[in-house]
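Data block below; observations after.
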Amino acid sequence: MATMTKAQLRTIADEMFKAWSDHDVQAILDHLTDDVVYIDPGLEEPARGKAAVRAHLEDTFSSFPDLALVEEDYQLFTGEDPSTAMTTWTLKATMTGSALETGIPATGKAVTLSGTNLIRFEDGLIREYVLIYDSLYLLQQLGVMPKSDGLGFKAIVLADVLVGRAEGMAGKAMQRIRR
């Protein structure tokens, strides 16, 4: 594995920022290994490989056609490990298209979201791309989840707890029946 310099990490991070800002899926893919692992809290499972990442990016840019990264909030951090970098970002977007991957219909709502990317490199390409952001806050901004301080959210949490308890009780009852 070739060691990357901080200047090379900066160049790739800056090119990725520009590609995201321009919604240039191919430019993003050009920086990824063929077997890249792309982890996003909005995905049920990591996207593995360029084809899966392409589908995810196309869905994202279709759902949020005005997605824009805020340049002032973009920063790159590098440490001792020359194969790893982190970036911070803020995006602003309006969901005017349906998200096919999640099944969320277009809401027409504007969102502002900040996050971090953990990027791991191999031979000058990104082999792992991890997005870290508050997906609950995103869903709340989109209006598909109630605010966490409201009664609706508390009801959802309580229902989830009760379902968990009911499943546990059902499992115990099934064990007793089998005896």
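Scheme for the structure tokens: letters A, B, ... for chains in order shown; per-chain residue numbers from 1; ligand numbers from 1 in order shown.
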
Secondary structure check, strand (DSSP E) residues of range 3-167 of chain A, as a short mmCIF file (atom, residue, chain, number, x, y, z; two decimals) with N, CA and C atoms, in the first residue's frame:
```cif
data_model
loop_
_atom_site.label_atom_id
_atom_site.label_comp_id
_atom_site.auth_asym_id
_atom_site.auth_seq_id
_atom_site.Cartn_x
_atom_site.Cartn_y
_atom_site.Cartn_z
N LEU A 32 -12.80 6.28 -5.95
CA LEU A 32 -13.10 5.12 -5.12
C LEU A 32 -12.47 3.84 -5.67
N THR A 33 -12.10 2.93 -4.77
CA THR A 33 -11.67 1.61 -5.21
C THR A 33 -12.88 0.86 -5.75
N ASP A 34 -12.66 -0.14 -6.57
CA ASP A 34 -13.77 -0.92 -7.12
C ASP A 34 -14.61 -1.58 -6.03
N ASP A 35 -13.96 -1.97 -4.94
CA ASP A 35 -14.66 -2.66 -3.85
C ASP A 35 -14.91 -1.75 -2.64
N VAL A 36 -15.08 -0.47 -2.90
CA VAL A 36 -15.29 0.51 -1.83
C VAL A 36 -16.44 0.09 -0.91
N VAL A 37 -16.30 0.46 0.36
CA VAL A 37 -17.38 0.30 1.33
C VAL A 37 -17.82 1.71 1.70
N TYR A 38 -19.09 2.00 1.43
CA TYR A 38 -19.65 3.33 1.61
C TYR A 38 -20.74 3.23 2.68
N ILE A 39 -20.47 3.83 3.83
CA ILE A 39 -21.37 3.69 4.98
C ILE A 39 -22.08 5.02 5.22
N ALA A 47 -23.22 0.46 1.25
CA ALA A 47 -23.14 0.26 -0.19
C ALA A 47 -21.75 -0.31 -0.47
N ARG A 48 -21.70 -1.40 -1.18
CA ARG A 48 -20.43 -2.06 -1.46
C ARG A 48 -20.20 -2.07 -2.97
N ALA A 68 -26.40 21.51 -1.69
CA ALA A 68 -25.20 22.33 -1.78
C ALA A 68 -24.42 22.22 -0.49
N LEU A 69 -23.12 22.07 -0.61
CA LEU A 69 -22.24 22.07 0.56
C LEU A 69 -21.82 23.50 0.86
N GLN A 75 -13.85 21.37 6.28
CA GLN A 75 -12.48 21.30 6.80
C GLN A 75 -11.95 19.89 6.63
N LEU A 76 -10.67 19.78 6.45
CA LEU A 76 -9.99 18.49 6.35
C LEU A 76 -9.08 18.34 7.56
N PHE A 77 -9.10 17.15 8.16
CA PHE A 77 -8.22 16.85 9.28
C PHE A 77 -7.43 15.59 8.94
N THR A 78 -6.13 15.66 9.14
CA THR A 78 -5.29 14.49 8.93
C THR A 78 -4.50 14.27 10.22
N THR A 84 -5.60 7.78 6.35
CA THR A 84 -6.90 8.15 6.89
C THR A 84 -7.02 9.67 6.99
N ALA A 85 -8.21 10.16 6.69
CA ALA A 85 -8.49 11.59 6.84
C ALA A 85 -9.94 11.75 7.29
N MET A 86 -10.23 12.91 7.81
CA MET A 86 -11.60 13.27 8.19
C MET A 86 -11.93 14.62 7.60
N THR A 87 -13.18 14.77 7.19
CA THR A 87 -13.66 16.07 6.75
C THR A 87 -14.92 16.41 7.55
N THR A 88 -15.15 17.69 7.74
CA THR A 88 -16.41 18.15 8.30
C THR A 88 -17.12 18.95 7.23
N TRP A 89 -18.44 18.97 7.30
CA TRP A 89 -19.22 19.63 6.27
C TRP A 89 -20.59 20.04 6.80
N THR A 90 -21.21 20.93 6.08
CA THR A 90 -22.62 21.29 6.28
C THR A 90 -23.24 21.32 4.90
N LEU A 91 -24.44 20.77 4.79
CA LEU A 91 -25.15 20.84 3.52
C LEU A 91 -26.50 21.48 3.73
N LYS A 92 -26.98 22.07 2.67
CA LYS A 92 -28.33 22.64 2.64
C LYS A 92 -29.00 22.05 1.41
N ALA A 93 -30.25 21.64 1.57
CA ALA A 93 -30.95 21.02 0.45
C ALA A 93 -32.45 21.05 0.71
N THR A 94 -33.21 20.86 -0.36
CA THR A 94 -34.65 20.74 -0.28
C THR A 94 -35.05 19.42 -0.92
N ALA A 110 -36.99 22.02 3.39
CA ALA A 110 -35.57 22.36 3.36
C ALA A 110 -34.88 21.80 4.59
N VAL A 111 -33.66 21.36 4.43
CA VAL A 111 -32.88 20.82 5.54
C VAL A 111 -31.50 21.47 5.56
N THR A 112 -30.95 21.54 6.75
CA THR A 112 -29.56 21.92 6.96
C THR A 112 -28.97 20.85 7.85
N LEU A 113 -27.89 20.26 7.42
CA LEU A 113 -27.33 19.11 8.13
C LEU A 113 -25.81 19.24 8.17
N SER A 114 -25.23 19.02 9.33
CA SER A 114 -23.78 19.01 9.48
C SER A 114 -23.32 17.60 9.78
N GLY A 115 -22.12 17.27 9.35
CA GLY A 115 -21.60 15.94 9.60
C GLY A 115 -20.11 15.86 9.38
N THR A 116 -19.66 14.63 9.45
CA THR A 116 -18.24 14.31 9.30
C THR A 116 -18.11 13.12 8.38
N ASN A 117 -17.05 13.07 7.63
CA ASN A 117 -16.71 11.89 6.84
C ASN A 117 -15.40 11.33 7.36
N LEU A 118 -15.35 10.04 7.54
CA LEU A 118 -14.10 9.34 7.83
C LEU A 118 -13.73 8.65 6.52
N ILE A 119 -12.53 8.94 6.04
CA ILE A 119 -12.11 8.44 4.73
C ILE A 119 -10.84 7.62 4.90
N ARG A 120 -10.89 6.39 4.41
CA ARG A 120 -9.70 5.52 4.45
C ARG A 120 -9.26 5.25 3.01
N PHE A 121 -7.96 5.38 2.81
CA PHE A 121 -7.39 5.27 1.47
C PHE A 121 -6.60 3.98 1.31
N GLU A 122 -6.49 3.57 0.07
CA GLU A 122 -5.65 2.45 -0.30
C GLU A 122 -5.12 2.71 -1.71
N LEU A 125 -6.64 5.70 -3.60
CA LEU A 125 -8.09 5.74 -3.80
C LEU A 125 -8.80 5.53 -2.46
N ILE A 126 -10.05 5.92 -2.41
CA ILE A 126 -10.84 5.75 -1.19
C ILE A 126 -11.39 4.33 -1.16
N ARG A 127 -11.04 3.59 -0.10
CA ARG A 127 -11.55 2.22 0.04
C ARG A 127 -12.69 2.13 1.04
N GLU A 128 -12.78 3.15 1.93
CA GLU A 128 -13.90 3.20 2.87
C GLU A 128 -14.29 4.65 3.08
N TYR A 129 -15.58 4.92 2.94
CA TYR A 129 -16.12 6.28 3.06
C TYR A 129 -17.26 6.22 4.05
N VAL A 130 -17.08 6.80 5.22
CA VAL A 130 -18.07 6.71 6.28
C VAL A 130 -18.65 8.09 6.54
N LEU A 131 -19.94 8.24 6.31
CA LEU A 131 -20.63 9.49 6.61
C LEU A 131 -21.19 9.38 8.02
N ILE A 132 -20.99 10.43 8.81
CA ILE A 132 -21.48 10.46 10.18
C ILE A 132 -22.32 11.72 10.34
N TYR A 133 -23.62 11.52 10.56
CA TYR A 133 -24.52 12.65 10.78
C TYR A 133 -25.73 12.15 11.56
#
```

**Request:** One decimal, Å: what's the distance from CA of His31 in chain A over to CA of Thr11 in chain A, could you say?
**Result:**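 Interatomic distance, CA of His31 in chain A to CA of Thr11 in chain A: 10.9 Å.
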
**Request:** Can you pull out every residue within 9 Å of Thr5 in chain A, counting only C-alpha atoms, but drop anything in the same chain fewer than 3 positions away, and send it as a list in words?
**Result:**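 Near neighbours after the sequence-gap exclusion: Gln8, Leu9, Arg10, Pro82 and Ser83 of chain A.
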
**Request:** Record the distance separating CA of Ser21 in chain A and CA of Lys109 in chain A, expressed in Å with one decimal.
**Result:** 19.5 Å

**Message:** Which residues are near Asp22 in chain A? Cut-off 12 Å, only C-alpha atoms, ignore same chain within fewer than 3 positions. Put them as a list in words.
**Reply:**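 My list of contacting residues is Glu15, Met16, Phe17, Lys18, Ala19, Val25, Gln26, Ala27, Ile28, Phe61, Pro65, Asp66, Leu67, Ala68 and Leu69 of chain A.
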
Could you save the residues just selected, with all heavy atoms, as a compact mmCIF listing (two decimals), in the first residue's frame?
```txt
# COMPACT_ATOMS: atom_id res chain seq x y z
N GLU A 15 -11.17 17.61 -4.22
CA GLU A 15 -11.84 17.15 -5.44
C GLU A 15 -13.17 16.47 -5.12
O GLU A 15 -14.15 16.63 -5.86
CB GLU A 15 -10.92 16.21 -6.23
CG GLU A 15 -9.75 16.93 -6.87
CD GLU A 15 -8.73 16.00 -7.51
OE1 GLU A 15 -8.89 14.76 -7.46
OE2 GLU A 15 -7.74 16.53 -8.08
N MET A 16 -13.22 15.74 -4.02
CA MET A 16 -14.48 15.12 -3.60
C MET A 16 -15.50 16.19 -3.20
O MET A 16 -16.68 16.10 -3.53
CB MET A 16 -14.25 14.15 -2.45
CG MET A 16 -13.54 12.87 -2.85
SD MET A 16 -14.57 11.78 -3.86
CE MET A 16 -15.66 11.10 -2.61
N PHE A 17 -15.06 17.23 -2.48
CA PHE A 17 -15.95 18.33 -2.11
C PHE A 17 -16.55 18.96 -3.36
O PHE A 17 -17.76 19.19 -3.44
CB PHE A 17 -15.20 19.37 -1.28
CG PHE A 17 -16.05 20.54 -0.87
CD1 PHE A 17 -16.79 20.50 0.30
CD2 PHE A 17 -16.11 21.69 -1.65
CE1 PHE A 17 -17.58 21.57 0.68
CE2 PHE A 17 -16.90 22.76 -1.28
CZ PHE A 17 -17.64 22.70 -0.11
N LYS A 18 -15.71 19.23 -4.34
CA LYS A 18 -16.18 19.84 -5.59
C LYS A 18 -17.14 18.90 -6.32
O LYS A 18 -18.19 19.34 -6.81
CB LYS A 18 -15.00 20.19 -6.49
CG LYS A 18 -15.44 20.85 -7.79
CD LYS A 18 -14.29 21.30 -8.63
CE LYS A 18 -14.66 21.96 -9.93
NZ LYS A 18 -16.01 21.94 -10.39
N ALA A 19 -16.81 17.62 -6.37
CA ALA A 19 -17.68 16.66 -7.06
C ALA A 19 -19.06 16.59 -6.38
O ALA A 19 -20.09 16.54 -7.06
CB ALA A 19 -17.02 15.29 -7.11
N VAL A 25 -21.41 12.52 -10.10
CA VAL A 25 -21.30 11.14 -9.60
C VAL A 25 -20.04 10.47 -10.13
O VAL A 25 -19.31 9.81 -9.38
CB VAL A 25 -22.56 10.33 -9.96
CG1 VAL A 25 -22.40 8.87 -9.59
CG2 VAL A 25 -23.79 10.93 -9.26
N GLN A 26 -19.75 10.64 -11.40
CA GLN A 26 -18.59 9.98 -11.98
C GLN A 26 -17.29 10.46 -11.34
O GLN A 26 -16.39 9.68 -11.08
CB GLN A 26 -18.54 10.15 -13.50
CG GLN A 26 -17.47 9.31 -14.17
CD GLN A 26 -17.59 7.82 -13.84
OE1 GLN A 26 -18.65 7.22 -14.02
NE2 GLN A 26 -16.52 7.20 -13.35
N ALA A 27 -17.19 11.75 -11.08
CA ALA A 27 -15.98 12.28 -10.43
C ALA A 27 -15.80 11.70 -9.03
O ALA A 27 -14.68 11.41 -8.62
CB ALA A 27 -16.03 13.80 -10.38
N ILE A 28 -16.91 11.49 -8.32
CA ILE A 28 -16.83 10.84 -7.01
C ILE A 28 -16.35 9.41 -7.18
O ILE A 28 -15.42 8.96 -6.51
CB ILE A 28 -18.19 10.89 -6.28
CG1 ILE A 28 -18.57 12.34 -5.95
CG2 ILE A 28 -18.16 10.03 -5.01
CD1 ILE A 28 -19.99 12.54 -5.47
N PHE A 61 -28.99 12.72 -5.12
CA PHE A 61 -29.04 13.95 -5.91
C PHE A 61 -30.40 14.14 -6.59
O PHE A 61 -30.82 15.27 -6.84
CB PHE A 61 -27.90 13.99 -6.93
CG PHE A 61 -26.53 14.07 -6.30
CD1 PHE A 61 -25.48 13.33 -6.80
CD2 PHE A 61 -26.29 14.87 -5.19
CE1 PHE A 61 -24.21 13.40 -6.23
CE2 PHE A 61 -25.03 14.95 -4.61
CZ PHE A 61 -23.99 14.21 -5.13
N PRO A 65 -32.21 17.82 -5.42
CA PRO A 65 -31.51 18.36 -6.59
C PRO A 65 -30.78 19.68 -6.34
O PRO A 65 -29.89 20.04 -7.12
CB PRO A 65 -32.62 18.53 -7.63
CG PRO A 65 -33.89 18.48 -6.87
CD PRO A 65 -33.64 17.71 -5.62
N ASP A 66 -31.11 20.37 -5.25
CA ASP A 66 -30.41 21.62 -4.95
C ASP A 66 -29.37 21.45 -3.85
O ASP A 66 -28.86 22.43 -3.31
CB ASP A 66 -31.41 22.72 -4.57
CG ASP A 66 -32.13 22.43 -3.26
OD1 ASP A 66 -32.13 21.26 -2.80
OD2 ASP A 66 -32.71 23.38 -2.68
N LEU A 67 -29.02 20.20 -3.53
CA LEU A 67 -28.05 19.94 -2.46
C LEU A 67 -26.79 20.75 -2.70
O LEU A 67 -26.20 20.70 -3.78
CB LEU A 67 -27.72 18.45 -2.42
CG LEU A 67 -26.83 17.96 -1.28
CD1 LEU A 67 -27.19 16.52 -0.93
CD2 LEU A 67 -25.37 18.06 -1.59
N ALA A 68 -26.40 21.51 -1.69
CA ALA A 68 -25.20 22.33 -1.78
C ALA A 68 -24.42 22.22 -0.49
O ALA A 68 -24.99 22.27 0.61
CB ALA A 68 -25.58 23.78 -2.04
N LEU A 69 -23.12 22.07 -0.61
CA LEU A 69 -22.24 22.07 0.56
C LEU A 69 -21.82 23.50 0.86
O LEU A 69 -21.58 24.29 -0.05
CB LEU A 69 -21.01 21.20 0.29
CG LEU A 69 -21.30 19.71 0.09
CD1 LEU A 69 -20.03 18.98 -0.34
CD2 LEU A 69 -21.86 19.09 1.35
```

**Asked** Pick from A:Ile177, A:Leu151, A:Leu29, A:Ala99: nearest to Thr60 in chain A, with only C-alpha atoms counted?
**Response**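 Once distances to Thr60 in chain A are computed over only C-alpha atoms, the minimum belongs to A:Ala99.
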
**Fill in**
Between A:Met174, A:Leu139, A:Val144, A:Ala166, smallest distance to Gly42 in chain A by only C-alpha atoms belongs to A:Leu139

**Message:** as a PyMOL selection string, please: every residue in chain A that DSSP puts in helix (DSSP H, G or I).
**Reply:** chain A and resi 6-22+25-29+50-63+71-73+135-142+151-178

**Message:** Residues within 6 Å of Thr96 in chain A, please, as number ranges by chain. Count only C-alpha atoms; anything in the same chain fewer than 4 positions from it doesn't count.
**Reply:** A: 63, 106, 108
